[in-house]
Amino acid sequence: MNKMINNHKNKSADGTKLKVFEAFAGYGGASFGLKRAKIPFEVIGYSENDKFAIELYDNNHPGILNYGDITKINPNDIPDFDLITGGFPCQPFSQVGLGKGEADIRGTLFHDLIRICEVKRPKHILFENVKGLSTARHGKTLETIVKSLQKLGYDVICELLNTKDYGIPQNRQRLWIYGYHGTLPLTFHLAPPKKKMELYFKDFLDKKPDEALFKNQVEIERLKELYGLDFIVKEPSCADLYNKNIRSDGISITLLEPHHNKMRVVHPPKNNELRVRKYSITEHFRLMGFKDGEINFGGQSYQQLCKRAANGWDINLVSLIFKQIFQQ
Ligand SMILES: C[S@@+](CC[C@H](N)C(=O)[O-])C[C@H]1O[C@@H](n2cnc3c(N)ncnc32)[C@H](O)[C@@H]1O
């Protein structure tokens with residue numbers, strides 16, 4: 001625990017608020033989503049072990065106790081709660097060894113979520129992971145995750161949802177795992193109704209992007225050679241350097257941490273000069289569903305903030321998921 005705060009002061013007087021434990025909290029995508037969905041809630045604690053993520057979380061959701069590294073949490077130390085959320089880190093799944101034909105989740109961070117659920121048995125759980133968890137290669141792992149939750153008495157529903165289907169122009173497919181302690185009605189759907197895209201990538205860009213984000217002509221020549229692209233566009237577009245193309249569908253590739261150097265904004269040439277640049281911090285967050293000013297950046301660096309956005313929850317989608325769950 002890296003902060004001793006009396007969290008009893010957060011307790012609601014009438015006890016009607018949803019009590020939440022936010023695991024793998026990042027910037028607090030679950031909190032932002034619940035706020036946006038206008039669901040009365042209070043976070044009784046969170047778990048995060050990255051010092052920059054903790055600073056960002058505390059700036060935006062002050063006064064909440066951080067229980068720190070999830071592997072060290074004794075679930076009995078946490079007050080009771082109704083909902084646990086967690087976008088558990090995905091790397092462990094590439095290391096999962098398959099013993100006797102069964103995926104082994106012990107030793108992965110998912111196992112720590114299960115440990116907490118075993119003791120606390122919250123009514124609702126909402127977990128998230130990359131699409132890869134639902135593919136054939138990790139199918140056994142997902143099956144093991146679902147079975148472990150079912151063994152604890154949860155009805156479990158998994159849905160692959162894409163940010164671009166809910167009005168935000170980012171191609172971001174994520175697997176959402178919802179568990180309800182009890183039996184869900186047969187009519188229950190986790191996927192919110194899709195929304196038609198009304199605003200595209202170009203509409204999410206800064207009106208006057210910072211000049212420092214632009215590559216110089218020598219750097220652009222190098223990119224042309226490396227990726228075989230001419231970088232000539234009629235309207236601002238997303239360059240997908242992984243797939244060596246410039247998207248013409250008006251959406252962004254999945255946000256990636258800055259060190260990958262694989263996503264760029266391409267503007268129409270000006271004065272015969274090509275214009276290619278990095279995404280700004282605000283563009284990262286808009287593409288994660290934030291309205292300008294909704295998150296307090298607290299003066300953190302480009303690297304840290306963009307890393308957080310690339311790993312965070314799309315708060316537009318998560319607010320729709322929460323509405324979908326709690327309206328049924
Ligand atoms: C995929 S991100 C989740 C982001 C979050 N859902 C959000 O909305 O920003 C996973 C987070 O888990 C954190 N994390 C990794 N290992 C952890 C551990 N052992 N205990 C607590 N948090 C951990 C990482 O620092 C990272 O912020």
# chains A, B, ... in the order shown; residues from 1 in each chain; ligands from 1
$ residues_around --residues "Asn245 (chain A)" --least-positions-apart "4" --cutoff "12 Å" --atoms "only C-alpha atoms" --output "PyMOL selection string"
chain A and resi 223-224+226-233+237-241+249+252-253+262-266
$ write_last_selection --atoms "C-alpha atoms" --output "PDB file, in the first residue's frame"
ATOM      1  CA  LEU A 223      10.058   6.953 -43.988  1.00  0.00           C
ATOM      2  CA  LYS A 224       9.176   6.936 -47.696  1.00  0.00           C
ATOM      3  CA  LEU A 226      11.452   2.364 -45.424  1.00  0.00           C
ATOM      4  CA  TYR A 227       7.722   1.938 -45.948  1.00  0.00           C
ATOM      5  CA  GLY A 228       7.286   2.525 -49.672  1.00  0.00           C
ATOM      6  CA  LEU A 229       4.677   5.244 -49.119  1.00  0.00           C
ATOM      7  CA  ASP A 230       4.368   8.577 -50.947  1.00  0.00           C
ATOM      8  CA  PHE A 231       2.579  10.336 -48.046  1.00  0.00           C
ATOM      9  CA  ILE A 232       0.358  12.265 -50.448  1.00  0.00           C
ATOM     10  CA  VAL A 233      -3.202  12.572 -49.142  1.00  0.00           C
ATOM     11  CA  SER A 237      -5.218  10.419 -42.592  1.00  0.00           C
ATOM     12  CA  CYS A 238      -3.632   7.739 -40.441  1.00  0.00           C
ATOM     13  CA  ALA A 239      -0.409   6.147 -41.691  1.00  0.00           C
ATOM     14  CA  ASP A 240      -0.205   2.523 -40.554  1.00  0.00           C
ATOM     15  CA  LEU A 241       3.513   1.839 -40.770  1.00  0.00           C
ATOM     16  CA  ASP A 249     -11.386   4.549 -44.122  1.00  0.00           C
ATOM     17  CA  SER A 252      -6.916   5.189 -36.738  1.00  0.00           C
ATOM     18  CA  ILE A 253      -5.028   1.963 -36.212  1.00  0.00           C
ATOM     19  CA  LYS A 262       4.290   2.799 -36.129  1.00  0.00           C
ATOM     20  CA  MET A 263       1.442   5.313 -36.323  1.00  0.00           C
ATOM     21  CA  ARG A 264       1.555   8.756 -37.873  1.00  0.00           C
ATOM     22  CA  VAL A 265      -0.792  11.527 -39.002  1.00  0.00           C
ATOM     23  CA  VAL A 266      -0.355  12.494 -42.657  1.00  0.00           C
TER      24      VAL A 266
END
$ closest_atom_pairs --of "chain A" --to "ligand 1" --cutoff "7 Å" --atoms "only C-alpha atoms and all ligand atoms" --output "Markdown table"
| residue | atom | partner | partner_atom_place_in_ligand_line | distance |
| --- | --- | --- | --- | --- |
| A:Ala23 | CA | ligand 1 | 21 (C) | 6.7 |
| A:Phe24 | CA | ligand 1 | 12 (O) | 3.6 |
| A:Ala25 | CA | ligand 1 | 5 (C) | 4.6 |
| A:Gly26 | CA | ligand 1 | 9 (O) | 3.3 |
| A:Tyr27 | CA | ligand 1 | 9 (O) | 4.1 |
| A:Gly28 | CA | ligand 1 | 8 (O) | 4.7 |
| A:Gly29 | CA | ligand 1 | 8 (O) | 3.2 |
| A:Ala30 | CA | ligand 1 | 8 (O) | 6.1 |
| A:Ser47 | CA | ligand 1 | 21 (C) | 4.9 |
| A:Glu48 | CA | ligand 1 | 22 (N) | 3.6 |
| A:Asn49 | CA | ligand 1 | 22 (N) | 4.6 |
| A:Asp50 | CA | ligand 1 | 25 (O) | 4.5 |
| A:Ala53 | CA | ligand 1 | 27 (O) | 5.8 |
| A:Gly68 | CA | ligand 1 | 21 (C) | 5.7 |
| A:Asp69 | CA | ligand 1 | 20 (N) | 3.5 |
| A:Ile70 | CA | ligand 1 | 20 (N) | 3.9 |
| A:Thr71 | CA | ligand 1 | 19 (N) | 5.5 |
| A:Gly86 | CA | ligand 1 | 6 (N) | 5.9 |
| A:Gly87 | CA | ligand 1 | 3 (C) | 4.5 |
| A:Phe88 | CA | ligand 1 | 10 (C) | 5.4 |
| A:Pro89 | CA | ligand 1 | 10 (C) | 4.8 |
| A:Leu109 | CA | ligand 1 | 19 (N) | 6.6 |
| A:Arg308 | CA | ligand 1 | 9 (O) | 6.1 |
| A:Ala309 | CA | ligand 1 | 9 (O) | 6.9 |
| A:Asn311 | CA | ligand 1 | 1 (C) | 4.7 |
| A:Gly312 | CA | ligand 1 | 9 (O) | 3.5 |
| A:Trp313 | CA | ligand 1 | 8 (O) | 4.0 |
$ residues_around --residues "Ala191 (chain A)" --least-positions-apart "3" --cutoff "10 Å" --atoms "only C-alpha atoms" --output "number ranges by chain"
A: 157-161, 176, 188, 194, 317, 320-321, 324-325
$ write_last_selection --atoms "N, CA and C atoms" --output "PDB file, in the first residue's frame"
ATOM      1  N   ILE A 157     -20.050 -13.990 -19.545  1.00  0.00           N
ATOM      2  CA  ILE A 157     -20.299 -13.661 -20.956  1.00  0.00           C
ATOM      3  C   ILE A 157     -19.071 -12.955 -21.510  1.00  0.00           C
ATOM      4  N   CYS A 158     -18.594 -13.388 -22.679  1.00  0.00           N
ATOM      5  CA  CYS A 158     -17.427 -12.747 -23.308  1.00  0.00           C
ATOM      6  C   CYS A 158     -17.872 -12.127 -24.635  1.00  0.00           C
ATOM      7  N   GLU A 159     -17.387 -10.949 -24.903  1.00  0.00           N
ATOM      8  CA  GLU A 159     -17.726 -10.278 -26.176  1.00  0.00           C
ATOM      9  C   GLU A 159     -16.493  -9.574 -26.715  1.00  0.00           C
ATOM     10  N   LEU A 160     -16.268  -9.733 -28.002  1.00  0.00           N
ATOM     11  CA  LEU A 160     -15.204  -8.995 -28.670  1.00  0.00           C
ATOM     12  C   LEU A 160     -15.830  -7.706 -29.212  1.00  0.00           C
ATOM     13  N   LEU A 161     -15.396  -6.561 -28.709  1.00  0.00           N
ATOM     14  CA  LEU A 161     -16.004  -5.288 -29.126  1.00  0.00           C
ATOM     15  C   LEU A 161     -14.936  -4.389 -29.719  1.00  0.00           C
ATOM     16  N   TRP A 176     -14.045  -8.414 -23.838  1.00  0.00           N
ATOM     17  CA  TRP A 176     -14.636  -8.023 -22.545  1.00  0.00           C
ATOM     18  C   TRP A 176     -15.236  -9.253 -21.893  1.00  0.00           C
ATOM     19  N   PHE A 188     -30.100 -11.414 -21.604  1.00  0.00           N
ATOM     20  CA  PHE A 188     -29.015 -10.460 -21.315  1.00  0.00           C
ATOM     21  C   PHE A 188     -28.016 -10.373 -22.481  1.00  0.00           C
ATOM     22  N   LYS A 194     -24.671  -0.999 -31.562  1.00  0.00           N
ATOM     23  CA  LYS A 194     -23.630  -0.253 -32.292  1.00  0.00           C
ATOM     24  C   LYS A 194     -24.124   1.126 -32.693  1.00  0.00           C
ATOM     25  N   LEU A 317     -16.637   3.505 -24.799  1.00  0.00           N
ATOM     26  CA  LEU A 317     -17.174   2.153 -24.883  1.00  0.00           C
ATOM     27  C   LEU A 317     -17.476   1.601 -23.492  1.00  0.00           C
ATOM     28  N   LEU A 320     -20.673   2.787 -22.158  1.00  0.00           N
ATOM     29  CA  LEU A 320     -21.824   2.128 -22.803  1.00  0.00           C
ATOM     30  C   LEU A 320     -22.003   0.702 -22.261  1.00  0.00           C
ATOM     31  N   ILE A 321     -20.874   0.025 -21.999  1.00  0.00           N
ATOM     32  CA  ILE A 321     -20.964  -1.337 -21.441  1.00  0.00           C
ATOM     33  C   ILE A 321     -21.610  -1.283 -20.048  1.00  0.00           C
ATOM     34  N   GLN A 324     -25.219  -0.712 -20.343  1.00  0.00           N
ATOM     35  CA  GLN A 324     -25.820  -1.939 -20.851  1.00  0.00           C
ATOM     36  C   GLN A 324     -26.021  -2.947 -19.704  1.00  0.00           C
ATOM     37  N   ILE A 325     -25.009  -3.071 -18.849  1.00  0.00           N
ATOM     38  CA  ILE A 325     -25.096  -4.038 -17.740  1.00  0.00           C
ATOM     39  C   ILE A 325     -26.150  -3.591 -16.718  1.00  0.00           C
TER      40      ILE A 325
END
$ select_by_dssp --residues "region 7-210 of chain A" --states "strand (DSSP E or B)" --output "count of residues only"
49
$ select_by_dssp --residues "region 250-324 of chain A" --states "alpha helix (DSSP H)" --output "PyMOL selection string"
chain A and resi 281-286+302-311+315-324
$ atom_distance --atom1 "CA of His124 (chain A)" --atom2 "CA of Tyr178 (chain A)"
7.3 Å
$ closest_residue --among "A:Ile177, A:Leu56, A:Ala37, A:Val20" --to "Gly299 (chain A)" --atoms "only C-alpha atoms"
A:Leu56
$ atom_distance --atom1 "CA of Phe204 (chain A)" --atom2 "CA of Pro40 (chain A)"
29.6 Å
$ atom_distance --atom1 "CA of Ile145 (chain A)" --atom2 "CA of Gln173 (chain A)"
19.1 Å
$ closest_residue --among "A:Lys51, A:Arg172, A:His189, A:Lys291" --to "Phe326 (chain A)" --atoms "only C-alpha atoms"
A:His189
$ residues_around --residues "Thr135 (chain A)" --least-positions-apart "5" --cutoff "12 Å" --atoms "only C-alpha atoms" --output "list in words"
Phe93, Asn129, Val130, Lys140, Thr141, Leu142, Glu143, Leu160, Arg174 and Leu175 of chain A
$ closest_residue --among "A:Glu211, A:Glu55, A:Glu42, A:Asp165" --to "Asp80 (chain A)" --atoms "only C-alpha atoms"
A:Glu42
